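Okay, query_14.txt now, which holds compact mmCIF, C-alpha atoms:
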```
# COMPACT_ATOMS: atom_id res chain seq x y z
CA MET A 26 0.03 26.77 5.24
CA GLY A 27 0.77 23.23 4.23
CA PRO A 28 1.95 21.02 2.66
CA LEU A 29 5.10 22.23 4.40
CA THR A 30 7.55 21.11 1.77
CA VAL A 31 5.64 22.56 -1.18
CA TYR A 32 5.49 25.95 0.56
CA GLU A 33 9.20 25.61 1.37
CA ILE A 34 8.63 25.92 5.09
CA ILE A 35 10.84 22.86 5.32
CA SER A 36 13.62 22.06 2.84
CA ALA A 37 13.75 19.00 0.60
CA ASN A 38 16.26 17.36 2.92
CA THR A 39 14.24 18.07 6.03
CA ASN A 40 11.34 16.53 4.19
CA LEU A 41 13.31 13.29 3.96
CA VAL A 42 13.92 13.40 7.71
CA PHE A 43 10.17 13.78 8.17
CA ALA A 44 9.69 10.86 5.75
CA PHE A 45 11.83 8.72 8.02
CA ILE A 46 9.93 9.82 11.14
CA ILE A 47 6.57 9.30 9.44
CA GLY A 48 7.83 5.90 8.34
CA ILE A 49 8.59 4.99 11.95
CA GLY A 50 5.08 6.01 12.88
CA PHE A 51 3.66 4.04 9.94
CA GLY A 52 5.62 0.90 10.85
CA PHE A 53 4.80 1.18 14.53
CA VAL A 54 1.08 1.56 13.93
CA LEU A 55 0.95 -1.25 11.37
CA GLU A 56 2.79 -3.67 13.64
CA ASN A 57 0.79 -2.63 16.65
CA SER A 58 -2.50 -3.12 14.81
CA GLY A 59 -1.55 -6.67 13.85
CA PHE A 60 -0.64 -6.06 10.20
CA SER A 61 2.57 -8.02 10.70
CA SER A 62 0.70 -11.33 10.73
CA SER A 63 -0.25 -12.84 7.39
CA ARG A 64 -2.92 -15.05 8.94
CA LYS A 65 -4.50 -12.03 10.56
CA LEU A 66 -4.41 -10.18 7.25
CA ALA A 67 -5.89 -13.18 5.44
CA GLY A 68 -8.49 -13.37 8.20
CA MET A 69 -10.44 -10.53 6.69
CA PHE A 70 -11.08 -12.57 3.54
CA TYR A 71 -12.48 -15.49 5.54
CA GLY A 72 -14.28 -13.38 8.11
CA TYR A 73 -12.52 -14.67 11.21
CA ASP A 74 -10.54 -11.49 11.82
CA THR A 75 -11.59 -8.17 10.38
CA THR A 76 -9.22 -5.94 12.37
CA VAL A 77 -7.29 -5.05 9.25
CA LEU A 78 -10.39 -4.02 7.37
CA LYS A 79 -11.47 -1.81 10.26
CA VAL A 80 -8.08 -0.18 10.73
CA PHE A 81 -7.75 0.38 7.00
CA PHE A 82 -11.09 2.11 6.64
CA THR A 83 -10.74 4.08 9.85
CA ALA A 84 -7.39 5.35 8.58
CA ALA A 85 -8.66 6.35 5.15
CA ILE A 86 -11.59 8.18 6.73
CA THR A 87 -9.54 9.87 9.45
CA ALA A 88 -7.05 11.16 6.91
CA MET A 89 -9.81 12.23 4.55
CA VAL A 90 -11.72 14.13 7.21
CA GLY A 91 -8.48 15.58 8.60
CA THR A 92 -7.47 16.80 5.17
CA LEU A 93 -10.86 18.43 4.67
CA ILE A 94 -10.70 20.12 8.09
CA PHE A 95 -7.14 21.35 7.51
CA ALA A 96 -8.23 22.76 4.16
CA LEU A 97 -11.25 24.41 5.75
CA PHE A 98 -9.05 26.23 8.28
CA GLY A 99 -6.64 27.25 5.54
CA TRP A 100 -3.79 25.11 6.88
CA LEU A 101 -3.52 22.98 3.82
CA ASP A 102 -3.61 23.84 0.13
CA LEU A 103 -5.51 20.99 -1.44
CA SER A 104 -4.68 22.14 -4.95
CA VAL A 105 -1.02 21.12 -4.64
CA ILE A 106 -1.49 17.77 -2.95
CA TYR A 107 -0.60 14.76 -5.03
CA ILE A 108 -3.80 13.20 -6.29
CA ASN A 109 -3.24 9.78 -7.79
CA PRO A 110 -3.95 9.99 -11.52
CA THR A 111 -6.58 7.65 -12.90
CA TYR A 112 -5.84 5.32 -15.77
CA LEU A 113 -8.97 3.21 -15.81
CA TRP A 114 -7.66 -0.09 -17.17
CA SER A 115 -4.43 -0.21 -15.26
CA ALA A 116 -6.27 0.67 -12.03
CA ILE A 117 -8.65 -2.27 -12.58
CA LEU A 118 -6.10 -4.81 -13.83
CA GLY A 119 -3.40 -3.75 -11.41
CA GLY A 120 -5.89 -3.99 -8.55
CA ALA A 121 -7.01 -7.46 -9.65
CA VAL A 122 -3.44 -8.75 -9.97
CA MET A 123 -2.62 -7.30 -6.54
CA GLY A 124 -5.72 -8.91 -5.06
CA ALA A 125 -4.54 -12.30 -6.33
CA GLY A 126 -1.10 -11.60 -4.86
CA PHE A 127 -2.70 -10.65 -1.56
CA ILE A 128 -4.64 -13.87 -1.10
CA LEU A 129 -1.77 -16.08 -2.30
CA GLY A 130 1.01 -14.31 -0.45
CA GLY A 131 -0.86 -13.03 2.57
CA PHE A 132 0.77 -9.61 2.58
CA CYS A 133 0.83 -6.37 0.73
CA PRO A 134 4.14 -4.58 0.28
CA GLY A 135 3.88 -2.29 3.32
CA THR A 136 2.75 -5.03 5.68
CA ALA A 137 5.44 -7.41 4.38
CA PHE A 138 8.23 -4.99 5.30
CA CYS A 139 6.54 -4.46 8.63
CA ALA A 140 6.34 -8.23 9.24
CA LEU A 141 9.96 -8.65 8.18
CA SER A 142 11.00 -6.11 10.81
CA ILE A 143 9.85 -8.53 13.51
CA GLY A 144 11.41 -11.54 11.85
CA LYS A 145 8.70 -13.17 9.75
CA LEU A 146 10.47 -15.24 7.14
CA ASP A 147 7.38 -15.67 4.97
CA ALA A 148 7.44 -11.87 4.65
CA LEU A 149 11.04 -12.04 3.47
CA ALA A 150 9.98 -14.51 0.77
CA PHE A 151 7.10 -12.23 -0.20
CA ILE A 152 9.49 -9.26 -0.52
CA GLY A 153 11.78 -11.38 -2.69
CA GLY A 154 8.74 -11.99 -4.90
CA LEU A 155 7.98 -8.26 -4.97
CA PHE A 156 11.42 -7.51 -6.35
CA ILE A 157 10.98 -10.18 -9.01
CA GLY A 158 7.54 -8.80 -9.90
CA VAL A 159 8.70 -5.20 -10.21
CA PHE A 160 11.72 -6.30 -12.23
CA LEU A 161 9.52 -8.36 -14.55
CA PHE A 162 7.26 -5.38 -15.11
CA ALA A 163 10.24 -3.13 -15.83
CA GLU A 164 11.75 -5.57 -18.31
CA ALA A 165 8.48 -6.44 -20.01
CA TYR A 166 7.24 -2.85 -19.93
CA PRO A 167 6.64 -2.61 -23.71
CA VAL A 168 4.14 -5.48 -23.37
CA PHE A 169 2.22 -3.64 -20.65
CA GLU A 170 2.67 -0.10 -21.92
CA GLY A 171 -0.51 -0.04 -24.00
CA ILE A 172 -2.76 -1.07 -21.13
CA TYR A 173 -0.69 0.91 -18.62
CA LYS A 174 -1.49 4.16 -20.35
CA ALA A 175 -4.97 3.35 -21.66
CA GLU A 176 -8.03 5.41 -20.69
CA PHE A 177 -6.17 8.22 -18.99
CA MET A 178 -8.71 10.34 -17.14
CA GLY A 179 -6.46 12.92 -15.49
CA ALA A 180 -6.70 12.99 -11.72
CA PRO A 181 -10.45 13.08 -11.15
CA PHE A 182 -12.05 13.02 -7.73
CA VAL A 183 -14.34 10.14 -6.96
CA TYR A 184 -17.18 12.46 -5.91
CA ASP A 185 -17.03 14.32 -9.24
CA ALA A 186 -17.21 11.04 -11.10
CA LEU A 187 -20.29 10.13 -9.06
CA GLY A 188 -21.76 13.60 -9.49
CA MET A 189 -21.95 14.57 -5.82
CA SER A 190 -20.29 17.15 -3.64
CA ARG A 191 -17.21 16.42 -1.59
CA GLY A 192 -19.09 16.71 1.70
CA VAL A 193 -21.96 14.43 0.70
CA PHE A 194 -19.55 11.79 -0.51
CA ALA A 195 -17.47 12.00 2.67
CA ALA A 196 -20.60 11.59 4.77
CA LEU A 197 -21.75 8.59 2.73
CA LEU A 198 -18.33 7.00 3.01
CA ILE A 199 -18.40 7.35 6.77
CA ILE A 200 -21.84 5.72 6.92
CA ALA A 201 -20.57 2.93 4.65
CA ALA A 202 -17.61 2.42 6.96
CA PHE A 203 -19.88 2.02 9.97
CA GLY A 204 -21.88 -0.51 8.01
CA MET A 205 -18.69 -2.37 7.24
CA PHE A 206 -17.61 -2.37 10.90
CA TRP A 207 -20.91 -3.87 11.86
CA LEU A 208 -20.54 -6.51 9.15
CA GLY A 209 -17.03 -7.24 10.40
CA GLU A 210 -18.21 -7.76 13.96
CA TRP A 211 -20.99 -10.00 12.72
CA SER A 212 -18.66 -12.14 10.62
CA GLU A 213 -16.16 -12.51 13.47
CA ARG A 214 -18.97 -13.94 15.58
CA LYS A 215 -20.16 -16.15 12.78
CA PHE A 216 -16.74 -17.52 11.78
CA PRO A 217 -14.79 -17.55 15.01
CA ARG A 218 -11.34 -19.07 15.26
CA ASP A 219 -9.39 -19.52 18.43
CA GLU A 220 -5.68 -19.30 17.88
CA TYR A 221 -3.98 -18.69 14.61
CA MET B 26 -3.80 6.23 14.50
CA LEU B 27 -2.87 5.08 11.02
CA GLY B 28 -5.05 7.87 9.73
CA LEU B 29 -3.11 10.47 11.73
CA VAL B 30 0.20 9.20 10.33
CA LEU B 31 -1.24 9.49 6.83
CA LEU B 32 -2.53 12.98 7.60
CA ALA B 33 0.95 13.97 8.83
CA ALA B 34 2.40 12.79 5.52
CA ILE B 35 -0.14 14.78 3.53
CA TYR B 36 0.47 17.86 5.68
CA THR B 37 4.27 17.86 5.58
CA ALA B 38 5.03 16.33 2.21
CA GLY B 39 1.83 16.89 0.22
CA ARG B 40 1.60 13.18 -0.54
CA GLY B 41 0.30 10.02 1.01
CA LEU B 42 2.11 6.92 2.20
CA GLY B 43 3.46 4.21 -0.04
CA ALA B 44 5.51 1.07 -0.09
CA SER B 45 5.95 -0.35 -3.56
CA GLY B 46 7.65 2.82 -4.81
CA ALA B 47 10.65 2.08 -2.61
CA VAL B 48 10.99 -1.38 -4.17
CA LYS B 49 10.99 0.26 -7.58
CA SER B 50 13.75 2.68 -6.48
CA VAL B 51 15.90 -0.25 -5.38
CA ILE B 52 15.31 -2.11 -8.66
CA VAL B 53 16.11 0.96 -10.75
CA THR B 54 19.27 1.65 -8.73
CA GLY B 55 20.33 -1.98 -8.84
CA VAL B 56 19.83 -2.37 -12.57
CA GLU B 57 21.63 0.90 -13.21
CA ALA B 58 24.61 -0.25 -11.16
CA VAL B 59 24.82 -3.65 -12.80
CA ALA B 60 23.96 -2.75 -16.38
CA PRO B 61 24.01 1.01 -17.08
CA SER B 62 23.72 0.57 -20.83
CA HIS B 63 20.63 -1.58 -20.33
CA VAL B 64 18.98 1.33 -18.48
CA GLU B 65 19.70 3.66 -21.38
CA ASN B 66 18.09 1.31 -23.86
CA THR B 67 15.04 0.11 -21.98
CA PRO B 68 11.85 2.16 -22.19
CA PHE B 69 10.79 1.61 -18.56
CA TYR B 70 14.00 2.99 -17.06
CA LYS B 71 14.19 5.79 -19.60
CA GLU B 72 10.71 6.93 -18.61
CA TYR B 73 11.61 6.62 -14.95
CA PHE B 74 14.59 8.92 -15.30
CA THR B 75 12.69 11.49 -17.36
CA SER B 76 9.97 11.73 -14.71
CA HIS B 77 12.25 11.47 -11.64
CA SER B 78 15.26 13.67 -11.06
CA GLY B 79 18.19 12.88 -8.82
CA ASN B 80 19.18 9.66 -7.13
CA PRO B 81 16.28 7.18 -6.96
CA MET B 82 17.37 6.13 -3.46
CA LYS B 83 17.17 9.68 -2.12
CA SER B 84 13.42 9.69 -2.34
CA TRP B 85 10.65 10.28 0.15
CA LEU B 86 9.33 6.73 -0.16
CA VAL B 87 12.72 5.10 0.46
CA PHE B 88 13.22 7.09 3.67
CA GLU B 89 9.66 6.38 4.73
CA MET B 90 10.18 2.64 4.21
CA LEU B 91 13.42 2.64 6.22
CA GLY B 92 11.46 4.29 8.99
CA LEU B 93 8.71 1.70 8.62
CA VAL B 94 11.09 -1.15 9.34
CA VAL B 95 12.45 0.69 12.39
CA GLY B 96 8.95 1.49 13.62
CA GLY B 97 7.75 -2.08 13.14
CA PHE B 98 10.78 -3.37 15.01
CA ILE B 99 10.18 -1.00 17.94
CA SER B 100 6.54 -2.02 18.20
CA GLY B 101 7.41 -5.72 17.93
CA ALA B 102 10.14 -5.38 20.54
CA MET B 103 7.82 -3.60 22.97
CA ALA B 104 5.17 -6.27 22.58
CA GLY B 105 7.69 -9.14 22.71
CA ARG B 106 6.86 -10.33 19.21
CA LEU B 107 10.39 -10.41 17.80
CA LYS B 108 10.99 -13.91 16.54
CA PHE B 109 12.20 -15.59 13.37
CA LYS B 110 9.38 -17.71 12.12
CA VAL B 111 7.34 -18.78 9.13
CA GLU B 112 3.70 -18.20 9.86
CA HIS B 113 1.38 -20.66 8.16
CA SER B 114 -1.79 -22.64 8.52
CA PRO B 115 -1.32 -26.00 10.28
CA LYS B 116 -2.59 -27.66 7.11
CA ILE B 117 0.38 -26.66 4.99
CA THR B 118 4.14 -26.92 5.40
CA SER B 119 6.50 -23.98 5.82
CA ARG B 120 7.96 -24.79 2.46
CA LYS B 121 4.60 -24.49 0.76
CA ARG B 122 3.90 -21.25 2.58
CA ILE B 123 7.22 -19.79 1.39
CA MET B 124 6.50 -20.81 -2.19
CA PHE B 125 3.11 -19.15 -2.12
CA ALA B 126 4.57 -16.07 -0.43
CA VAL B 127 7.06 -15.66 -3.28
CA LEU B 128 4.32 -16.21 -5.84
CA GLY B 129 2.06 -13.69 -4.11
CA GLY B 130 4.95 -11.24 -4.00
CA ILE B 131 5.52 -11.56 -7.72
CA PHE B 132 1.84 -10.89 -8.42
CA PHE B 133 1.80 -7.95 -6.04
CA GLY B 134 5.03 -6.48 -7.44
CA LEU B 135 3.75 -6.67 -10.97
CA GLY B 136 0.29 -5.43 -10.04
CA SER B 137 1.62 -2.49 -8.05
CA GLN B 138 3.53 -1.25 -11.07
CA LEU B 139 0.56 -1.73 -13.38
CA GLY B 140 -1.81 -0.12 -10.90
CA ARG B 141 0.60 2.72 -10.03
CA GLY B 142 0.85 1.92 -6.35
CA CYS B 143 0.00 -0.77 -3.85
CA THR B 144 -2.46 -1.00 -0.99
CA SER B 145 -0.83 1.95 0.82
CA GLY B 146 0.02 4.18 -2.11
CA ALA B 147 -2.93 3.65 -4.40
CA ALA B 148 -5.74 2.34 -2.23
CA LEU B 149 -5.23 3.92 1.21
CA SER B 150 -3.64 7.22 0.21
CA GLY B 151 -5.71 7.44 -2.95
CA MET B 152 -8.88 7.04 -0.90
CA ALA B 153 -7.78 9.69 1.59
CA VAL B 154 -7.36 12.27 -1.16
CA LEU B 155 -10.58 10.99 -2.78
CA SER B 156 -8.93 9.99 -6.04
CA LEU B 157 -11.19 8.02 -8.38
CA GLY B 158 -8.33 5.72 -9.35
CA GLY B 159 -7.60 5.01 -5.68
CA PHE B 160 -11.15 3.82 -5.09
CA ILE B 161 -11.17 1.67 -8.21
CA THR B 162 -7.87 0.02 -7.30
CA MET B 163 -9.03 -0.54 -3.72
CA ILE B 164 -12.26 -2.19 -4.87
CA PHE B 165 -10.38 -4.50 -7.24
CA ILE B 166 -7.68 -5.47 -4.73
CA PHE B 167 -10.17 -6.47 -2.05
CA GLY B 168 -12.75 -7.75 -4.54
CA THR B 169 -10.31 -10.10 -6.25
CA ALA B 170 -8.86 -11.30 -2.96
CA PHE B 171 -12.36 -12.02 -1.62
CA SER B 172 -13.44 -13.85 -4.77
CA LEU B 173 -10.32 -16.02 -4.86
CA ALA B 174 -10.32 -16.65 -1.10
CA TYR B 175 -12.52 -19.74 -1.32
CA PHE B 176 -10.19 -21.50 -3.77
CA VAL B 177 -7.06 -21.08 -1.70
CA ARG B 178 -8.66 -21.50 1.71
CA LYS B 179 -6.35 -24.37 2.61
CA LEU B 180 -3.46 -21.93 2.68
CA TRP B 181 -5.00 -20.04 5.57
CA ILE B 182 -7.67 -21.92 7.52
```
Here is the file; what I need is its structure written in the form of structure tokens.
Amino acid sequence: MGPLTVYEIISANTNLVFAFIIGIGFGFVLENSGFSSSRKLAGMFYGYDTTVLKVFFTAAITAMVGTLIFALFGWLDLSVIYINPTYLWSAILGGAVMGAGFILGGFCPGTAFCALSIGKLDALAFIGGLFIGVFLFAEAYPVFEGIYKAEFMGAPFVYDALGMSRGVFAALLIIAAFGMFWLGEWSERKFPRDEY
Amino acid sequence: MLGLVLLAAIYTAGRGLGASGAVKSVIVTGVEAVAPSHVENTPFYKEYFTSHSGNPMKSWLVFEMLGLVVGGFISGAMAGRLKFKVEHSPKITSRKRIMFAVLGGIFFGLGSQLGRGCTSGAALSGMAVLSLGGFITMIFIFGTAFSLAYFVRKLWI
């Protein structure tokens, strides 16, 4: 029964070893899928390269379906998995600020470290910015604290908030993803670019 | 493939992937080393140490991120993509690209703290466990980036 570390099948230290191995897998897949190129990442916002969008949604759906299947077979206890808590305003504002950072900087934190690992210096600059940003938040925390903790909703599931069952929502999400893939293919044909 | 890695994380550790958390660990450790009294008197660090026990560097996310750099390097080496370079649109200089990369990083660093996680931790992993907050953050990251894309198009195309 998983998660392995919660059920103490593996110790806390072994869990860190797994973290390292999972990290290697994460980095390898990101690099291999092209997430180490800022112009490829930015491509999704201009429609000339939607690989990142496709990989991102495929991943979220694969993991979601996998989690549901594992739970169905009793391999995974969903009740102890970390579900990101929802604070409405900070989720919206944080997302918007990150979106601005994404289009200006061309990376997100994970992809920047991945790009740095193959020597991209713009990624190094981005990471420098990340440290400044986190430090600023830490130092100016009292300014943000009100909005950071506003509208706490616990850790609700998206399907509950929409009033549907888990299965129906998962099915709809998969259909939406296929729609998005089709849109991606269409936009790559419409806004082609040769080399970048 | 990325999905299977994420699933492995959920199965072994009961949590999804993340990246910005490791940056926070480094900041907390750094500030504590340089100015321990500052940590004791600043609300952010005080809250961090009440909610996290032990050494901030000995965390799942830090080990995962070390692995990420190794994994990225292996993939880049196998594909022959290892090279020091500044990637930018032909319309802008490297210097301009670097300036915008730092600026973008600052926004992302700040936003990831406000939004409790970045694209991997909040959006990707949050979506996989069907968290409402994960979906909201995801929509706003991509939505904002799409809506601003037109105004900064010279940076990219």
message = Show me, as a VMD selection string, the residues that have an atom within 10 Å of Ala174 in chain B when counting all atoms listed in the file, minus same-chain residues fewer than 5 positions from it.
response = (chain A and resid 67 69 to 71 124 to 125 127 to 129) or (chain B and resid 168 to 169 179 to 181)
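From CA of Gly135 in chain A back to CA of Leu42 in chain B, the distance works out to 9.4 Å.
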request  = For each of B:Val53, B:Ala147, B:Leu93, B:Val87, take the minimum atom-to-atom distance to chain A, counting all atoms listed in the file, then give the residue where this is smallest.
outcome  = B:Leu93
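Residue nearest Ala34 in chain B, chosen from A:Ile94, A:Met178, A:Val193, A:Ile106 and counting all atoms listed in the file: A:Ile106.
Proximity to Glu210 in chain A at 10 Å, evaluated using only C-alpha atoms and with sequence-adjacent residues fewer than 2 positions away removed, yields A:Gly72, A:Tyr73, A:Asp74, A:Thr75, A:Thr76, A:Lys79, A:Met205, A:Phe206, A:Trp207, A:Leu208, A:Ser212, A:Glu213, A:Arg214, A:Lys215.
Pairwise distance (CA of Tyr36 in chain B, CA of Pro81 in chain B) equals 22.9 Å.
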As lines of an AutoDock Vina configuration file, what would the box around range 159-172 of chain A look like: edges along x, y and z, 5 Å added on every side, centre and edge lengths in Å to one decimal?
```
center_x = 4.5
center_y = -4.2
center_z = -17.1
size_x = 24.5
size_y = 18.3
size_z = 23.8
```
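Here the question is which of B:Val177, B:Phe171, B:Ala44, B:Thr54 gets nearest to Gly92 in chain B using all atoms listed in the file, and that residue is B:Ala44.
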inquiry  = Env of range 188-191 of chain A: 10 Å cut, atoms = all atoms listed in the file, seq-sep filter 6 positions within chain, self excluded. Answer as a ChimeraX atom specification.
reply    = /A:93,182 /B:155
Of the listed residues A:Ala163, A:Ile35, A:Cys139, A:Leu66, that which approaches Val54 in chain A most closely, counting only C-alpha atoms = A:Cys139
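Among the candidates B:His63, B:Arg40, B:Lys71, B:Arg178, the residue lying nearest to Asn109 in chain A is B:Arg40 (atoms considered: all atoms listed in the file).
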ask   = Taking into account only C-alpha atoms, which residue in the set B:Met103, B:Val51, B:Ile117, B:Val111 is nearest to chain A?
value = B:Val111
